[in-house]
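Reviewing the structure listed below.
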Amino acid sequence: MIKAILVFNNHGKPRLSKFYQYFDENLQQQIIKETFQLVSKRDDNVCNFLEGGSLIGGSDYKLIYRHYATLYFVFCVDSSESELGILDLIQVFVETLDKCFENVCELDLIFHADAVHHILSELVMGGMVLQTNMNDIITRIEDQNKLIKQESGISAAPARAVSVVKSMNIPQQIKDIKLPDLPQAIKDLKF
């Protein structure tokens, strides 16, 4: 089971943190700091697996990570997870981010945190891997984006209707009618 997913930059600033086991906020910050210290001091030519830090669970847990450009993607997992499977999951996550944001960078994670969390929730939920097929994940993300666009169109409809009425060539007294005054205004109108 996945215990936590952490993404931080080369300076240890967290850009994404998702814990699937409860830790209070102070302990989460300590875990992020300890994980960064463990991962960042390793050379690029060494294995991407290491024992979990003392705060995340010690030798019962593993840290599996990949370092891309300025970001570390770290999955804290228990012994039941396959190391190579998690490395593949990290790759799928990064490639999905790359397709959704067209050459993903650290700023995308900062300014589109909600979209990043949505993508992550398509891959992992409750510490369990849901989906590893990148095409299925992207299809779901595109469907969600279509729904968001439709909803924004619906919410903008009243404003568009008002602007259309104002631009119509109708008498000024009809344009000036306020909604609460509508029943009386209808009675007062003379055609």
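Labels for the structure tokens follow display order: chains A, B, ..., residues from 1 in each chain, ligands from 1.
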If we count only C-alpha atoms, what is near range 64-69 of chain A at a cut-off of 8 Å, once residues fewer than 3 positions away on the same chain are taken out, given as a ChimeraX atom specification?
/A:39,48-50,72-77,83,86-87,90
Using all heavy atoms, can you write the selected residues to a file as a short mmCIF file (atom, residue, chain, number, x, y, z; two decimals), in the first residue's frame?
data_model
loop_
_atom_site.label_atom_id
_atom_site.label_comp_id
_atom_site.auth_asym_id
_atom_site.auth_seq_id
_atom_site.Cartn_x
_atom_site.Cartn_y
_atom_site.Cartn_z
N VAL A 39 16.74 11.47 0.24
CA VAL A 39 16.74 11.29 -1.21
C VAL A 39 17.75 12.23 -1.89
O VAL A 39 18.46 11.82 -2.82
CB VAL A 39 15.31 11.51 -1.77
CG1 VAL A 39 15.31 11.58 -3.27
CG2 VAL A 39 14.38 10.41 -1.29
N ASN A 48 17.13 3.62 -7.08
CA ASN A 48 16.06 4.56 -6.71
C ASN A 48 15.19 4.04 -5.58
O ASN A 48 14.09 4.54 -5.36
CB ASN A 48 15.18 4.85 -7.92
CG ASN A 48 15.90 5.67 -8.96
OD1 ASN A 48 17.05 6.03 -8.80
ND2 ASN A 48 15.21 5.98 -10.03
N PHE A 49 15.64 3.02 -4.86
CA PHE A 49 14.90 2.48 -3.71
C PHE A 49 15.76 2.67 -2.46
O PHE A 49 16.97 2.46 -2.51
CB PHE A 49 14.63 0.97 -3.85
CG PHE A 49 14.24 0.53 -5.22
CD1 PHE A 49 14.85 -0.56 -5.80
CD2 PHE A 49 13.24 1.17 -5.93
CE1 PHE A 49 14.49 -1.01 -7.06
CE2 PHE A 49 12.87 0.74 -7.19
CZ PHE A 49 13.50 -0.35 -7.76
N LEU A 50 15.15 3.01 -1.35
CA LEU A 50 15.86 3.05 -0.08
C LEU A 50 14.88 2.84 1.05
O LEU A 50 13.66 2.96 0.86
CB LEU A 50 16.65 4.35 0.11
CG LEU A 50 15.89 5.66 0.25
CD1 LEU A 50 16.66 6.55 1.22
CD2 LEU A 50 15.82 6.37 -1.08
N TYR A 72 11.76 16.03 -7.42
CA TYR A 72 11.83 14.66 -6.93
C TYR A 72 10.40 14.15 -6.76
O TYR A 72 9.57 14.82 -6.12
CB TYR A 72 12.51 14.61 -5.56
CG TYR A 72 14.00 14.82 -5.59
CD1 TYR A 72 14.54 16.08 -5.39
CD2 TYR A 72 14.87 13.75 -5.78
CE1 TYR A 72 15.91 16.28 -5.40
CE2 TYR A 72 16.24 13.94 -5.80
CZ TYR A 72 16.75 15.20 -5.61
OH TYR A 72 18.11 15.40 -5.62
N PHE A 73 10.09 13.00 -7.32
CA PHE A 73 8.81 12.33 -7.13
C PHE A 73 9.08 11.13 -6.24
O PHE A 73 9.80 10.21 -6.63
CB PHE A 73 8.24 11.87 -8.47
CG PHE A 73 7.79 13.00 -9.35
CD1 PHE A 73 8.70 13.75 -10.08
CD2 PHE A 73 6.45 13.34 -9.43
CE1 PHE A 73 8.29 14.79 -10.88
CE2 PHE A 73 6.02 14.38 -10.23
CZ PHE A 73 6.94 15.11 -10.95
N VAL A 74 8.52 11.14 -5.02
CA VAL A 74 8.82 10.11 -4.03
C VAL A 74 7.52 9.43 -3.60
O VAL A 74 6.56 10.11 -3.21
CB VAL A 74 9.52 10.71 -2.78
CG1 VAL A 74 9.88 9.62 -1.79
CG2 VAL A 74 10.74 11.51 -3.18
N PHE A 75 7.51 8.11 -3.67
CA PHE A 75 6.39 7.31 -3.18
C PHE A 75 6.88 6.53 -1.97
O PHE A 75 7.87 5.81 -2.06
CB PHE A 75 5.90 6.34 -4.25
CG PHE A 75 5.04 6.95 -5.32
CD1 PHE A 75 5.43 8.08 -6.02
CD2 PHE A 75 3.80 6.39 -5.64
CE1 PHE A 75 4.64 8.65 -7.00
CE2 PHE A 75 3.01 6.95 -6.63
CZ PHE A 75 3.42 8.07 -7.31
N CYS A 76 6.19 6.69 -0.84
CA CYS A 76 6.50 5.95 0.37
C CYS A 76 5.54 4.76 0.42
O CYS A 76 4.32 4.96 0.47
CB CYS A 76 6.31 6.81 1.60
SG CYS A 76 7.22 8.36 1.53
N VAL A 77 6.08 3.55 0.36
CA VAL A 77 5.24 2.36 0.24
C VAL A 77 5.63 1.32 1.28
O VAL A 77 6.74 1.33 1.81
CB VAL A 77 5.34 1.74 -1.17
CG1 VAL A 77 4.90 2.73 -2.23
CG2 VAL A 77 6.73 1.24 -1.48
N GLU A 83 8.67 -2.64 -6.16
CA GLU A 83 9.50 -1.45 -6.42
C GLU A 83 9.44 -1.05 -7.88
O GLU A 83 9.28 0.13 -8.20
CB GLU A 83 10.96 -1.70 -6.02
CG GLU A 83 11.20 -1.82 -4.54
CD GLU A 83 11.21 -3.27 -4.06
OE1 GLU A 83 10.79 -4.16 -4.84
OE2 GLU A 83 11.61 -3.50 -2.92
N ILE A 86 6.09 0.49 -8.78
CA ILE A 86 5.97 1.88 -8.32
C ILE A 86 6.80 2.80 -9.21
O ILE A 86 6.38 3.91 -9.54
CB ILE A 86 6.36 2.01 -6.84
CG1 ILE A 86 5.37 1.23 -5.96
CG2 ILE A 86 6.40 3.47 -6.41
CD1 ILE A 86 3.92 1.71 -6.03
N LEU A 87 8.00 2.36 -9.62
CA LEU A 87 8.79 3.18 -10.54
C LEU A 87 8.03 3.42 -11.84
O LEU A 87 8.03 4.52 -12.38
CB LEU A 87 10.13 2.50 -10.86
CG LEU A 87 11.30 2.82 -9.95
CD1 LEU A 87 12.53 2.06 -10.38
CD2 LEU A 87 11.57 4.30 -9.90
N ILE A 90 5.34 5.98 -11.17
CA ILE A 90 5.91 7.34 -11.17
C ILE A 90 6.07 7.82 -12.60
O ILE A 90 5.74 8.96 -12.93
CB ILE A 90 7.25 7.38 -10.41
CG1 ILE A 90 7.04 7.11 -8.92
CG2 ILE A 90 7.94 8.72 -10.60
CD1 ILE A 90 8.32 6.92 -8.12
#
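Neighbouring residues of Leu16 in chain A at 7 Å or closer, counting only C-alpha atoms and skipping chain neighbours under 5 positions away, are Leu6, Val7 and Phe8 of chain A.
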DSSP alpha helix (DSSP H) residues within range 55-150 of chain A, listed as a PyMOL selection string:
chain A and resi 83-101+106-111+113-123+134-150
Name the closest residue to Tyr61 in chain A among the candidates A:Val129, A:Leu27, A:Cys105, A:Ile2; distances are taken between atoms, counting only C-alpha atoms.
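For Tyr61 in chain A, the nearest of the candidates is A:Ile2.
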For a test of reading the model, state the distance in Å between CA of Asp88 in chain A and CA of Leu107 in chain A, rounded to one decimal.
23.7 Å
Run DSSP on the backbone and grab whatever in range 29-139 of chain A lands in strand (DSSP E or B); send it over as number ranges by chain.
A: 49-51, 61-68, 71-78, 124-125, 128-129
Show me, as a ChimeraX atom specification, the residues that have an atom within 7 Å of range 118-123 of chain A when counting only C-alpha atoms, minus same-chain residues fewer than 6 positions from it.
/A:129-132,137
Using the selection just defined, write its residues with C-alpha atoms as a short mmCIF file (atom, residue, chain, number, x, y, z; two decimals), in the first residue's frame.
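So the final result, stored in result.cif, reads:
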data_model
loop_
_atom_site.label_atom_id
_atom_site.label_comp_id
_atom_site.auth_asym_id
_atom_site.auth_seq_id
_atom_site.Cartn_x
_atom_site.Cartn_y
_atom_site.Cartn_z
CA VAL A 129 -3.27 1.95 -7.39
CA LEU A 130 -6.41 2.45 -9.51
CA GLN A 131 -5.18 2.96 -13.04
CA THR A 132 -1.87 2.73 -14.86
CA ILE A 137 -6.32 8.63 -17.45
#
